[in-house]
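Before any comments, here is the structure.
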Amino acid sequence: MSDTSNPIQKIETRLQAITWEAPGIHSFELRRPDGGALPVFTAGAHIDLYLGNGMVRSYSLVNAQGETHRYIVGVNRDVASRGGSRYLHDTLKVGDSLTISAPRNNFPLNESAPHSVFIAGGIGVTPMYCMVQRMAALKASWQLFYSSRTPQHAAYREGIEALGKAAGQQVVFNYDQVPGGKMLDLKALIAGMAPSAHLYCCGPLPMLAAFEEACKGRAEETVHVEYFSAREAAATGGGFNVVLARSGKKVFVAEGKTILDALLDAGENAPFSCMEGVCGSCETKVVSGTPDHRDMILTDSERKAGKTMMICCSGSKSAELVLDL
Ligand code: FES
């Protein structure tokens, strides 16, 4: 769960550099045009990019926690792109201006864990690279398992390899599309991890599903997952009222609409970014009522507690939902 009390802070940046990292993957380095400091961030944080085509996309920060002169995001030019990664790769040029959000962190590190295990698949390595840099700076005990198609497809491979060597920690690369290559056996891998170890996973949906399955039975607070895309469809059944606690205004959510759709249609100002339950920008406190959670951020305990919800994708199980808006 992230901080729901702050509206989204927007920052004007300039695209300082674009770097080729692997086939289809570029790093985009952003700085303030005046050279000033950017807000501090913690490992695992992401920023939203407000693209010139009207889209908003969230990307994890790759660079080291503590850097405030720049943000770096790694972006895969997704062949199934809805326009976000394509715009970044095909339209943006060095020197262009770009509005971004301040960093938010839905995937924080537990820095006091006795041992941490990071499992990355493909472009899911981006938050992990930032996290292992932090772990190395803390001289903590960690391992990274990084799966990609081939060595050439493993973005940031050289930097990660060097970091593991310098820190004296294990980095294992797994290539599943080389002769004899196999998918990582997450079940076997996780079965061998101490119960006190904290496990982190970011990658494609099948990998995340296998990870969550393999982590069943482990303490919830030791299992950390970051989704890049929605696993569940948004709740659009409608047929309930949302009451805005601060003004008392009542908004009916009709069938086919999300809560966010209904609020925007009613002229209300609500924060949002990804609109698919993965970024946390729309997290809203629930005063009363029972949310029908569909996001990829809240843990099972947080869902059961029902204190906050993502209004871009979650609905209501009760006839009325009172929100702190
Ligand atoms: S807008 Fe991203 S989680 Fe709702």
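Labeling convention for the structure tokens: chains A, B, ... as they appear, residues from 1 per chain, ligands from 1 in order of appearance.
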| request: Name the residues of range 77-218 of chain A that come out as alpha helix (DSSP H) in a backbone DSSP run; write them as a PyMOL selection string. | output: chain A and resi 84-90+125-137+157-167+186-191+205-214
Go ahead and dump the residues you just picked, C-alpha atoms, as an mmCIF file, in the first residue's frame.
```cif
data_model
loop_
_atom_site.group_PDB
_atom_site.id
_atom_site.type_symbol
_atom_site.label_atom_id
_atom_site.label_comp_id
_atom_site.auth_asym_id
_atom_site.auth_seq_id
_atom_site.Cartn_x
_atom_site.Cartn_y
_atom_site.Cartn_z
ATOM 1 C CA GLY A 84 3.244 3.830 -24.837
ATOM 2 C CA SER A 85 6.504 2.010 -25.478
ATOM 3 C CA ARG A 86 6.144 2.579 -29.224
ATOM 4 C CA TYR A 87 5.895 6.321 -28.649
ATOM 5 C CA LEU A 88 8.991 6.314 -26.440
ATOM 6 C CA HIS A 89 11.035 4.308 -28.922
ATOM 7 C CA ASP A 90 9.837 5.809 -32.181
ATOM 8 C CA VAL A 125 14.841 -6.748 -14.448
ATOM 9 C CA THR A 126 14.460 -2.957 -14.285
ATOM 10 C CA PRO A 127 13.302 -2.582 -10.644
ATOM 11 C CA MET A 128 15.546 -5.513 -9.681
ATOM 12 C CA TYR A 129 18.686 -3.801 -10.987
ATOM 13 C CA CYS A 130 17.890 -0.794 -8.831
ATOM 14 C CA MET A 131 17.194 -3.062 -5.853
ATOM 15 C CA VAL A 132 20.409 -5.058 -6.082
ATOM 16 C CA GLN A 133 22.402 -1.826 -6.377
ATOM 17 C CA ARG A 134 20.801 -0.779 -3.098
ATOM 18 C CA MET A 135 21.471 -4.177 -1.520
ATOM 19 C CA ALA A 136 25.108 -3.980 -2.604
ATOM 20 C CA ALA A 137 25.405 -0.485 -1.107
ATOM 21 C CA ARG A 157 23.769 -7.857 -18.157
ATOM 22 C CA GLU A 158 27.302 -6.503 -17.912
ATOM 23 C CA GLY A 159 26.469 -4.021 -15.163
ATOM 24 C CA ILE A 160 24.608 -6.629 -13.133
ATOM 25 C CA GLU A 161 27.378 -9.186 -13.553
ATOM 26 C CA ALA A 162 29.987 -6.671 -12.405
ATOM 27 C CA LEU A 163 27.825 -5.638 -9.453
ATOM 28 C CA GLY A 164 27.406 -9.243 -8.282
ATOM 29 C CA LYS A 165 31.174 -9.836 -8.509
ATOM 30 C CA ALA A 166 32.044 -6.626 -6.683
ATOM 31 C CA ALA A 167 29.495 -7.362 -3.932
ATOM 32 C CA LEU A 186 10.813 -21.585 -9.729
ATOM 33 C CA LYS A 187 9.235 -24.336 -7.674
ATOM 34 C CA ALA A 188 12.576 -26.027 -7.041
ATOM 35 C CA LEU A 189 14.375 -22.725 -6.588
ATOM 36 C CA ILE A 190 11.951 -21.346 -4.026
ATOM 37 C CA ALA A 191 11.617 -24.636 -2.153
ATOM 38 C CA LEU A 205 2.505 -12.856 -16.219
ATOM 39 C CA PRO A 206 3.205 -16.633 -16.496
ATOM 40 C CA MET A 207 6.393 -16.174 -14.456
ATOM 41 C CA LEU A 208 4.562 -14.177 -11.790
ATOM 42 C CA ALA A 209 1.816 -16.815 -11.620
ATOM 43 C CA ALA A 210 4.432 -19.579 -11.211
ATOM 44 C CA PHE A 211 6.226 -17.516 -8.561
ATOM 45 C CA GLU A 212 3.048 -16.913 -6.557
ATOM 46 C CA GLU A 213 2.142 -20.578 -6.783
ATOM 47 C CA ALA A 214 5.624 -21.603 -5.613
#
```
| said: List as a ChimeraX atom specification the protein and nucleic acid residues near Thr290 in chain A, meaning an atom at most 10 Å away when only C-alpha atoms are counted, but skip any in the same chain fewer than 3 places from it. | reply: /A:286-287,293,303-307,309,315-322
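With only C-alpha atoms and all ligand atoms as the basis for measurement, A:Thr258 is the residue among A:Gln152, A:Thr13, A:Thr258, A:Thr42 that approaches ligand 1 most closely.
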Set out as a tab-separated table a contact list for range 35-116 of chain A and range 263-285 of chain A with a cut-off of 9 Å, giving each residue of range 35-116 of chain A that qualifies its closest atom pair and distance in Å to one decimal, counting only C-alpha atoms, ordered by chain and rising residue number.
```
residue	atom	partner	partner_atom	distance
A:His46	CA	A:Cys279	CA	8.0
A:Ile47	CA	A:Cys279	CA	8.8
A:Asp48	CA	A:Ser273	CA	6.9
A:Leu49	CA	A:Ser273	CA	8.9
A:Tyr50	CA	A:Ser273	CA	8.7
A:Met55	CA	A:Ser273	CA	8.6
A:Val56	CA	A:Ser273	CA	5.6
A:Arg57	CA	A:Cys274	CA	5.9
A:Ser58	CA	A:Cys279	CA	6.5
A:Tyr59	CA	A:Cys279	CA	9.0
A:Arg104	CA	A:Gly280	CA	8.1
A:Asn105	CA	A:Gly280	CA	8.6
A:Asn106	CA	A:Gly280	CA	7.0
```
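Counting only C-alpha atoms and comparing A:Gly95, A:Ala22, A:Arg82, A:Pro103, the residue that lies closest to Leu38 in chain A is A:Pro103.
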| request: Enumerate, as a ChimeraX atom specification, the complete set of residues in range 11-190 of chain A that a backbone-based DSSP assignment places in strand (DSSP E or B). | output: /A:11-22,25-31,46-50,56-61,71-76,97-101,104,116-121,142-148,170-175
| query | With only C-alpha atoms and all ligand atoms as the atoms that count, which of A:Glu220, A:Pro151, A:Phe228, A:Thr299 lies nearest to ligand 1? | reply | A:Phe228
